[in-house]
Each structure stands twice: as structure tokens, then as C-alpha cells.
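**Q** The structure file input-v4.txt (compact mmCIF, N, CA, C and O atoms) is provided below.
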# COMPACT_ATOMS: atom_id res chain seq x y z
N MET C 890 1.79 -14.11 -5.04
CA MET C 890 2.17 -12.73 -4.75
C MET C 890 0.95 -11.85 -5.03
O MET C 890 0.39 -11.86 -6.11
N ASP C 891 0.53 -11.09 -4.02
CA ASP C 891 -0.62 -10.22 -4.17
C ASP C 891 -0.31 -9.00 -5.02
O ASP C 891 -1.14 -8.53 -5.77
N ARG C 892 0.88 -8.49 -4.86
CA ARG C 892 1.27 -7.29 -5.59
C ARG C 892 2.65 -7.49 -6.17
O ARG C 892 3.49 -8.17 -5.59
N LEU C 893 2.86 -6.87 -7.29
CA LEU C 893 4.18 -6.92 -7.92
C LEU C 893 5.24 -6.34 -6.98
O LEU C 893 6.35 -6.84 -6.91
N ALA C 894 4.88 -5.32 -6.23
CA ALA C 894 5.82 -4.66 -5.32
C ALA C 894 6.28 -5.60 -4.21
O ALA C 894 7.29 -5.36 -3.57
N ASP C 895 5.53 -6.68 -3.95
CA ASP C 895 5.92 -7.63 -2.91
C ASP C 895 6.99 -8.60 -3.40
O ASP C 895 7.62 -9.27 -2.61
N GLY C 896 7.18 -8.68 -4.71
CA GLY C 896 8.19 -9.58 -5.28
C GLY C 896 9.58 -8.98 -5.15
O GLY C 896 9.75 -7.81 -4.87
N GLN C 897 10.57 -9.82 -5.36
CA GLN C 897 11.95 -9.35 -5.33
C GLN C 897 12.57 -9.57 -6.69
O GLN C 897 12.48 -10.66 -7.25
N PHE C 898 13.19 -8.53 -7.19
CA PHE C 898 13.84 -8.58 -8.49
C PHE C 898 15.29 -8.19 -8.34
O PHE C 898 15.68 -7.48 -7.43
N ARG C 899 16.07 -8.65 -9.31
CA ARG C 899 17.50 -8.34 -9.33
C ARG C 899 17.86 -7.91 -10.75
O ARG C 899 17.39 -8.49 -11.73
N LEU C 900 18.69 -6.89 -10.85
CA LEU C 900 19.10 -6.37 -12.15
C LEU C 900 20.62 -6.32 -12.19
O LEU C 900 21.24 -5.46 -11.56
N ASP C 901 21.20 -7.27 -12.89
CA ASP C 901 22.66 -7.32 -13.02
C ASP C 901 23.07 -6.46 -14.21
O ASP C 901 23.10 -6.92 -15.34
N MET C 902 23.37 -5.20 -13.91
CA MET C 902 23.71 -4.25 -14.95
C MET C 902 24.80 -3.34 -14.39
O MET C 902 24.68 -2.85 -13.27
N GLY C 903 25.84 -3.13 -15.15
CA GLY C 903 26.93 -2.26 -14.71
C GLY C 903 26.52 -0.80 -14.69
O GLY C 903 25.52 -0.40 -15.28
N LYS C 904 27.33 0.01 -14.03
CA LYS C 904 27.03 1.43 -13.89
C LYS C 904 26.90 2.14 -15.24
O LYS C 904 25.97 2.91 -15.46
N GLU C 905 27.82 1.86 -16.13
CA GLU C 905 27.78 2.53 -17.45
C GLU C 905 26.54 2.13 -18.24
O GLU C 905 25.92 2.95 -18.89
N GLN C 906 26.20 0.85 -18.17
CA GLN C 906 25.01 0.39 -18.87
C GLN C 906 23.75 1.01 -18.26
O GLN C 906 22.82 1.36 -18.97
N MET C 907 23.73 1.15 -16.93
CA MET C 907 22.59 1.80 -16.27
C MET C 907 22.44 3.24 -16.75
O MET C 907 21.33 3.68 -17.07
N LYS C 908 23.56 3.95 -16.83
CA LYS C 908 23.51 5.33 -17.28
C LYS C 908 22.98 5.42 -18.71
O LYS C 908 22.16 6.28 -19.02
N LYS C 909 23.44 4.52 -19.58
CA LYS C 909 22.98 4.52 -20.97
C LYS C 909 21.50 4.18 -21.08
O LYS C 909 20.83 4.63 -22.00
N THR C 910 21.00 3.38 -20.15
CA THR C 910 19.60 2.97 -20.16
C THR C 910 18.68 4.05 -19.62
O THR C 910 17.49 4.03 -19.87
N GLY C 911 19.22 5.00 -18.87
CA GLY C 911 18.41 6.08 -18.33
C GLY C 911 18.36 6.14 -16.82
O GLY C 911 17.65 6.98 -16.25
N PHE C 912 19.11 5.27 -16.15
CA PHE C 912 19.19 5.33 -14.70
C PHE C 912 20.00 6.55 -14.30
O PHE C 912 20.93 6.95 -15.00
N ARG C 913 19.67 7.12 -13.16
CA ARG C 913 20.41 8.24 -12.60
C ARG C 913 20.81 7.88 -11.18
O ARG C 913 20.03 7.30 -10.43
N TYR C 914 22.03 8.26 -10.81
CA TYR C 914 22.50 7.96 -9.46
C TYR C 914 21.96 9.00 -8.50
O TYR C 914 22.05 10.20 -8.74
N ASP C 915 21.38 8.54 -7.40
CA ASP C 915 20.85 9.41 -6.36
C ASP C 915 21.81 9.35 -5.17
O ASP C 915 21.88 8.32 -4.50
N HIS C 916 22.55 10.43 -4.93
CA HIS C 916 23.55 10.45 -3.86
C HIS C 916 22.90 10.34 -2.49
O HIS C 916 23.46 9.73 -1.59
N GLU C 917 21.75 10.95 -2.34
CA GLU C 917 21.06 10.91 -1.05
C GLU C 917 20.63 9.49 -0.67
O GLU C 917 20.75 9.07 0.46
N MET C 918 20.13 8.74 -1.65
CA MET C 918 19.67 7.38 -1.38
C MET C 918 20.76 6.34 -1.64
O MET C 918 20.57 5.17 -1.33
N ASP C 919 21.87 6.75 -2.25
CA ASP C 919 23.00 5.88 -2.54
C ASP C 919 22.59 4.68 -3.41
O ASP C 919 22.90 3.52 -3.10
N CYS C 920 21.85 4.97 -4.48
CA CYS C 920 21.44 3.92 -5.41
C CYS C 920 21.10 4.55 -6.76
O CYS C 920 21.01 5.76 -6.89
N TYR C 921 20.93 3.70 -7.76
CA TYR C 921 20.52 4.16 -9.09
C TYR C 921 19.01 4.12 -9.19
O TYR C 921 18.37 3.17 -8.72
N ILE C 922 18.43 5.13 -9.83
CA ILE C 922 16.98 5.25 -9.94
C ILE C 922 16.60 5.39 -11.41
O ILE C 922 17.23 6.11 -12.17
N TYR C 923 15.54 4.69 -11.77
CA TYR C 923 15.00 4.76 -13.13
C TYR C 923 13.51 5.05 -13.01
O TYR C 923 12.78 4.34 -12.31
N ARG C 924 13.03 6.07 -13.67
CA ARG C 924 11.63 6.48 -13.60
C ARG C 924 11.01 6.37 -14.99
O ARG C 924 11.61 6.82 -15.97
N PHE C 925 9.81 5.80 -15.04
CA PHE C 925 9.11 5.67 -16.32
C PHE C 925 7.60 5.73 -16.10
O PHE C 925 7.13 5.41 -15.01
N PRO C 926 6.85 6.14 -17.12
CA PRO C 926 5.39 6.17 -16.97
C PRO C 926 4.82 4.75 -16.94
O PRO C 926 5.17 3.92 -17.77
N ALA C 927 3.96 4.49 -15.96
CA ALA C 927 3.34 3.17 -15.82
C ALA C 927 1.89 3.18 -16.28
O ALA C 927 1.31 2.12 -16.52
N TYR C 928 1.31 4.36 -16.39
CA TYR C 928 -0.07 4.46 -16.88
C TYR C 928 -0.27 5.82 -17.53
O TYR C 928 0.11 6.85 -16.96
N LYS C 929 -0.86 5.79 -18.71
CA LYS C 929 -1.17 7.02 -19.44
C LYS C 929 -2.66 7.05 -19.75
O LYS C 929 -3.27 6.02 -20.03
N HIS C 930 -3.23 8.24 -19.73
CA HIS C 930 -4.61 8.44 -20.14
C HIS C 930 -4.61 9.48 -21.25
O HIS C 930 -4.11 10.60 -21.06
N ASN C 931 -5.12 9.10 -22.41
CA ASN C 931 -5.10 9.97 -23.59
C ASN C 931 -3.69 10.46 -23.90
O ASN C 931 -3.48 11.60 -24.27
N GLY C 932 -2.72 9.58 -23.71
CA GLY C 932 -1.33 9.90 -24.03
C GLY C 932 -0.60 10.71 -22.98
O GLY C 932 0.58 11.02 -23.14
N VAL C 933 -1.29 11.07 -21.90
CA VAL C 933 -0.68 11.86 -20.84
C VAL C 933 -0.30 10.94 -19.68
O VAL C 933 -1.15 10.26 -19.12
N PRO C 934 0.99 10.89 -19.31
CA PRO C 934 1.40 10.04 -18.18
C PRO C 934 0.82 10.56 -16.87
O PRO C 934 0.96 11.72 -16.53
N LEU C 935 0.12 9.65 -16.15
CA LEU C 935 -0.50 10.02 -14.88
C LEU C 935 0.10 9.28 -13.69
O LEU C 935 0.08 9.79 -12.57
N VAL C 936 0.59 8.08 -13.93
CA VAL C 936 1.17 7.26 -12.87
C VAL C 936 2.55 6.82 -13.32
O VAL C 936 2.74 6.40 -14.46
N PHE C 937 3.52 6.93 -12.41
CA PHE C 937 4.90 6.61 -12.72
C PHE C 937 5.42 5.53 -11.80
O PHE C 937 4.96 5.39 -10.67
N CYS C 938 6.39 4.77 -12.30
CA CYS C 938 7.08 3.80 -11.48
C CYS C 938 8.51 4.27 -11.33
O CYS C 938 9.11 4.76 -12.28
N ARG C 939 9.02 4.11 -10.13
CA ARG C 939 10.41 4.45 -9.88
C ARG C 939 11.11 3.19 -9.39
O ARG C 939 10.72 2.60 -8.38
N LEU C 940 12.10 2.75 -10.15
CA LEU C 940 12.90 1.59 -9.77
C LEU C 940 14.18 2.06 -9.12
O LEU C 940 14.86 2.94 -9.65
N LEU C 941 14.51 1.48 -7.99
CA LEU C 941 15.74 1.79 -7.28
C LEU C 941 16.59 0.53 -7.28
O LEU C 941 16.11 -0.54 -6.93
N VAL C 942 17.84 0.66 -7.70
CA VAL C 942 18.74 -0.50 -7.76
C VAL C 942 19.90 -0.26 -6.80
O VAL C 942 20.64 0.70 -6.95
N ASP C 943 20.02 -1.15 -5.84
CA ASP C 943 21.13 -1.09 -4.89
C ASP C 943 22.40 -1.49 -5.61
O ASP C 943 22.46 -2.55 -6.24
N GLY C 944 23.42 -0.66 -5.54
CA GLY C 944 24.66 -0.91 -6.25
C GLY C 944 25.41 -2.14 -5.79
O GLY C 944 26.10 -2.79 -6.57
N GLY C 945 25.28 -2.49 -4.53
CA GLY C 945 26.01 -3.64 -4.00
C GLY C 945 25.33 -4.97 -4.28
O GLY C 945 25.97 -5.92 -4.72
N THR C 946 24.05 -5.04 -4.04
CA THR C 946 23.32 -6.32 -4.18
C THR C 946 22.58 -6.45 -5.50
O THR C 946 22.10 -7.53 -5.82
N GLN C 947 22.44 -5.35 -6.24
CA GLN C 947 21.68 -5.30 -7.50
C GLN C 947 20.20 -5.60 -7.28
O GLN C 947 19.49 -5.94 -8.20
N THR C 948 19.74 -5.46 -6.04
CA THR C 948 18.33 -5.67 -5.72
C THR C 948 17.51 -4.48 -6.21
O THR C 948 17.91 -3.33 -6.06
N VAL C 949 16.35 -4.78 -6.80
CA VAL C 949 15.46 -3.75 -7.33
C VAL C 949 14.30 -3.54 -6.36
O VAL C 949 13.68 -4.50 -5.91
N ARG C 950 14.06 -2.29 -6.03
CA ARG C 950 12.86 -1.93 -5.27
C ARG C 950 12.06 -1.01 -6.17
O ARG C 950 12.61 -0.28 -6.99
N LEU C 951 10.75 -1.05 -6.02
CA LEU C 951 9.95 -0.19 -6.87
C LEU C 951 8.93 0.57 -6.06
O LEU C 951 8.52 0.15 -4.99
N GLY C 952 8.57 1.73 -6.59
CA GLY C 952 7.53 2.56 -6.00
C GLY C 952 6.65 3.08 -7.11
O GLY C 952 7.10 3.33 -8.23
N VAL C 953 5.37 3.25 -6.82
CA VAL C 953 4.41 3.74 -7.80
C VAL C 953 3.89 5.08 -7.29
O VAL C 953 3.42 5.19 -6.15
N TYR C 954 3.99 6.10 -8.15
CA TYR C 954 3.68 7.47 -7.76
C TYR C 954 2.73 8.13 -8.76
O TYR C 954 2.72 7.77 -9.94
N ASP C 955 2.01 9.13 -8.28
CA ASP C 955 1.17 9.90 -9.20
C ASP C 955 2.01 11.00 -9.84
O ASP C 955 3.21 11.10 -9.59
N SER C 956 1.38 11.81 -10.65
CA SER C 956 2.13 12.83 -11.38
C SER C 956 2.66 13.94 -10.47
O SER C 956 3.52 14.72 -10.88
N ASN C 957 2.20 14.00 -9.23
CA ASN C 957 2.70 14.98 -8.27
C ASN C 957 3.85 14.44 -7.42
O ASN C 957 4.33 15.12 -6.53
N GLY C 958 4.25 13.19 -7.68
CA GLY C 958 5.34 12.60 -6.93
C GLY C 958 4.92 11.95 -5.62
O GLY C 958 5.76 11.53 -4.83
N LEU C 959 3.61 11.84 -5.38
CA LEU C 959 3.09 11.21 -4.17
C LEU C 959 2.79 9.75 -4.46
O LEU C 959 2.46 9.39 -5.60
N LEU C 960 2.88 8.90 -3.44
CA LEU C 960 2.54 7.49 -3.65
C LEU C 960 1.16 7.38 -4.24
O LEU C 960 0.22 8.08 -3.83
N TYR C 961 1.02 6.51 -5.23
CA TYR C 961 -0.29 6.27 -5.84
C TYR C 961 -1.03 5.29 -4.94
O TYR C 961 -0.88 4.08 -5.04
N TYR C 962 -1.81 5.84 -4.03
CA TYR C 962 -2.44 5.08 -2.96
C TYR C 962 -3.25 3.87 -3.43
O TYR C 962 -3.15 2.80 -2.82
N PRO C 963 -4.04 3.96 -4.50
CA PRO C 963 -4.82 2.78 -4.93
C PRO C 963 -3.95 1.58 -5.29
O PRO C 963 -4.41 0.44 -5.22
N TYR C 964 -2.71 1.80 -5.65
CA TYR C 964 -1.83 0.68 -5.96
C TYR C 964 -1.48 -0.11 -4.70
O TYR C 964 -1.35 -1.33 -4.73
N TYR C 965 -1.33 0.59 -3.60
CA TYR C 965 -0.89 -0.04 -2.37
C TYR C 965 -2.04 -0.53 -1.48
O TYR C 965 -1.87 -1.47 -0.72
N ASP C 966 -3.19 0.11 -1.55
CA ASP C 966 -4.33 -0.29 -0.71
C ASP C 966 -5.40 -0.92 -1.58
O ASP C 966 -6.18 -0.23 -2.22
N ARG C 967 -5.45 -2.23 -1.57
CA ARG C 967 -6.39 -2.95 -2.43
C ARG C 967 -7.53 -3.58 -1.64
O ARG C 967 -8.26 -4.40 -2.15
N GLU C 968 -7.65 -3.17 -0.42
CA GLU C 968 -8.65 -3.77 0.45
C GLU C 968 -10.06 -3.27 0.14
O GLU C 968 -11.03 -3.98 0.36
N TYR C 969 -10.17 -2.05 -0.37
CA TYR C 969 -11.48 -1.44 -0.54
C TYR C 969 -11.88 -1.32 -2.00
O TYR C 969 -11.86 -0.26 -2.58
N GLY C 970 -12.23 -2.42 -2.61
CA GLY C 970 -12.73 -2.37 -3.97
C GLY C 970 -11.70 -2.71 -5.02
O GLY C 970 -10.54 -3.00 -4.73
N ARG C 971 -12.15 -2.65 -6.25
CA ARG C 971 -11.31 -3.04 -7.38
C ARG C 971 -10.97 -1.80 -8.22
O ARG C 971 -11.84 -1.01 -8.56
N ASN C 972 -9.71 -1.67 -8.53
CA ASN C 972 -9.25 -0.56 -9.35
C ASN C 972 -8.83 -1.13 -10.70
O ASN C 972 -7.94 -1.97 -10.78
N GLU C 973 -9.47 -0.66 -11.76
CA GLU C 973 -9.21 -1.17 -13.10
C GLU C 973 -7.81 -0.78 -13.61
O GLU C 973 -7.29 -1.41 -14.53
N ILE C 974 -7.23 0.24 -13.05
CA ILE C 974 -5.94 0.75 -13.52
C ILE C 974 -4.78 -0.08 -12.99
O ILE C 974 -3.77 -0.25 -13.67
N VAL C 975 -4.90 -0.61 -11.78
CA VAL C 975 -3.79 -1.32 -11.14
C VAL C 975 -3.24 -2.47 -11.98
O VAL C 975 -2.03 -2.58 -12.15
N PRO C 976 -4.08 -3.35 -12.55
CA PRO C 976 -3.50 -4.42 -13.39
C PRO C 976 -2.73 -3.88 -14.60
O PRO C 976 -1.72 -4.44 -15.00
N ARG C 977 -3.18 -2.76 -15.16
CA ARG C 977 -2.46 -2.16 -16.28
C ARG C 977 -1.12 -1.60 -15.84
O ARG C 977 -0.12 -1.68 -16.57
N ILE C 978 -1.09 -1.04 -14.63
CA ILE C 978 0.17 -0.53 -14.08
C ILE C 978 1.14 -1.68 -13.89
O ILE C 978 2.31 -1.58 -14.26
N GLU C 979 0.66 -2.78 -13.32
CA GLU C 979 1.53 -3.93 -13.08
C GLU C 979 2.05 -4.52 -14.40
O GLU C 979 3.20 -4.92 -14.48
N GLU C 980 1.20 -4.57 -15.42
CA GLU C 980 1.65 -5.05 -16.74
C GLU C 980 2.78 -4.17 -17.27
O GLU C 980 3.78 -4.68 -17.79
N ALA C 981 2.62 -2.85 -17.15
CA ALA C 981 3.64 -1.92 -17.65
C ALA C 981 4.94 -2.09 -16.87
O ALA C 981 6.03 -2.08 -17.47
N ILE C 982 4.84 -2.27 -15.57
CA ILE C 982 6.04 -2.43 -14.75
C ILE C 982 6.75 -3.73 -15.09
O ILE C 982 7.97 -3.76 -15.29
N LEU C 983 5.99 -4.83 -15.18
CA LEU C 983 6.59 -6.12 -15.54
C LEU C 983 7.25 -6.06 -16.90
O LEU C 983 8.35 -6.58 -17.09
N SER C 984 6.59 -5.42 -17.84
CA SER C 984 7.13 -5.29 -19.18
C SER C 984 8.46 -4.53 -19.16
O SER C 984 9.44 -4.94 -19.80
N GLU C 985 8.51 -3.45 -18.39
CA GLU C 985 9.74 -2.65 -18.31
C GLU C 985 10.84 -3.43 -17.58
O GLU C 985 12.00 -3.38 -17.98
N LEU C 986 10.48 -4.15 -16.52
CA LEU C 986 11.48 -4.97 -15.81
C LEU C 986 12.07 -6.00 -16.75
O LEU C 986 13.29 -6.21 -16.77
N HIS C 987 11.23 -6.66 -17.53
CA HIS C 987 11.74 -7.67 -18.48
C HIS C 987 12.58 -7.02 -19.57
O HIS C 987 13.61 -7.56 -19.97
N ARG C 988 12.16 -5.85 -20.06
CA ARG C 988 12.93 -5.15 -21.08
C ARG C 988 14.33 -4.79 -20.56
O ARG C 988 15.32 -4.89 -21.29
N LEU C 989 14.40 -4.41 -19.29
CA LEU C 989 15.69 -4.05 -18.69
C LEU C 989 16.55 -5.26 -18.36
O LEU C 989 17.74 -5.13 -18.13
N GLY C 990 15.92 -6.44 -18.32
CA GLY C 990 16.67 -7.66 -18.02
C GLY C 990 16.63 -8.06 -16.55
O GLY C 990 17.42 -8.89 -16.12
N ALA C 991 15.71 -7.50 -15.79
CA ALA C 991 15.57 -7.86 -14.37
C ALA C 991 14.99 -9.27 -14.27
O ALA C 991 14.17 -9.68 -15.09
N VAL C 992 15.43 -10.00 -13.25
CA VAL C 992 14.91 -11.34 -13.01
C VAL C 992 14.33 -11.41 -11.60
O VAL C 992 14.84 -10.76 -10.67
N GLU C 993 13.27 -12.17 -11.46
CA GLU C 993 12.65 -12.35 -10.15
C GLU C 993 13.44 -13.38 -9.37
O GLU C 993 13.85 -14.40 -9.91
N VAL C 994 13.67 -13.08 -8.10
CA VAL C 994 14.40 -14.00 -7.24
C VAL C 994 13.49 -14.41 -6.08
O VAL C 994 12.58 -13.69 -5.70
N ALA C 995 13.77 -15.59 -5.54
CA ALA C 995 12.94 -16.12 -4.46
C ALA C 995 13.16 -15.39 -3.16
O ALA C 995 14.02 -14.67 -2.91
Starting from the file, lay out its structure as C-alpha cells.
**A**
Amino acid sequence: MDRLADGQFRLDMGKEQMKKTGFRYDHEMDCYIYRFPAYKHNGVPLVFCRLLVDGGTQTVRLGVYDSNGLLYYPYYDREYGRNEIVPRIEEAILSELHRLGAVEVA
């Protein structure tokens, strides 16, 4: 897998447990969303991960955004050089997925 975002994860967690963990239901997208900082510089969060969990299949999708809510482009485009921050972002995301109890599926 080239990128963590290319993997598929599943989170078997009930609605009440999601709410207690910090997930919020998004009526427009019809799924639960959890947002957390994926990279901080000098203690200031600069890059965030947003996990979306489909209520029916419990499938997890993730997105990586900057502090302005825009896609963090260097995370998605790795063709032009090496970004030292991306591996740290992926470590933080994997750590949070494991903490939440998400499992990778084939």
C-alpha cells in the first residue's frame, strides 16, 4: 500500500460509543465523523485527519486537511519529491485508528 488512505479499515462501534469517543453525526454526509490533529508544530495543530464511518457497513474513510479545512495536498501527491511530514502524519493516523479499535480489511 503506497498510502494509508488507500487501505480499507472497519470500525465496529455502536452509535453511543461513537458519540462518547468524539464522533459527530453529519446529516449532510449521512455518516459519523471524527476529527483529530495528525501533525503539530511547536504544539500547534497544522494538519488534521477526518475519519468518516458509514453507519451501515462500518467502513472507515479518511481525509487529511490543513488548518484551513483544505485537502493537505502533499499527503495526496507524492510524485514530486519527499515530504518529511507525511510519514509522521501516517503514524499519527494509524495510532489513532488502532486506539479507536479500527481493523484493516482486505
**Q** Env of segment 938-942 of chain C: 6 Å cut, atoms = only N, CA, C and O atoms, seq-sep filter 3 positions within chain, self excluded. Answer as a list of chain:residue names.
**A**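 Within the cut-off, the hits are C:Asp919, C:Cys920, C:Tyr921, C:Ile922, C:Tyr923, C:Arg924, C:Phe925, C:Pro926, C:Ala927, C:Gln947, C:Thr948, C:Val949, C:Arg950, C:Leu951, C:Gly952, C:Val953, C:Tyr954.
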**Q** Kindly indicate which residue among C:Leu900, C:Thr946, C:Leu893, C:Asp915 lies nearest to Arg988 of chain C, using only C-alpha atoms for the distances.
**A**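 Among the listed residues, C:Leu900 lies closest to Arg988 of chain C.
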**Q** Taking the DSSP assignment computed from this structure's backbone, write out as an MDAnalysis selection string all residues of chain C that belong to alpha helix (DSSP H).
**A** chainID C and resid 904:910 962:965 974:989
**Q** What are the DSSP strand (DSSP E) residues of chain C, as a PyMOL selection string?
**A** chain C and resi 897-899+913-915+920-930+933-942+948-955+992-994
**Q** Find, counting only C-alpha atoms, the residue in C:Glu979, C:Asp966, C:Asp901, C:Asp895 that gets nearest to Gly945 of chain C.
**A**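 Under the stated criterion, the closest residue is C:Asp901.
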**Q** Can you measure atom C of Ile974 of chain C to atom CA of Tyr961 of chain C for me? One decimal in Å is fine.
**A**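 It comes out at 10.6 Å.
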**Q** Suppose you want the space between atom N of Asn957 of chain C and atom C of Ile978 of chain C; what is it in Å?
**A** 16.4 Å
**Q** Rounded to one decimal, what separation in Å do you get between atom CA of Gln897 of chain C and atom CA of Val994 of chain C?
**A** 5.6 Å
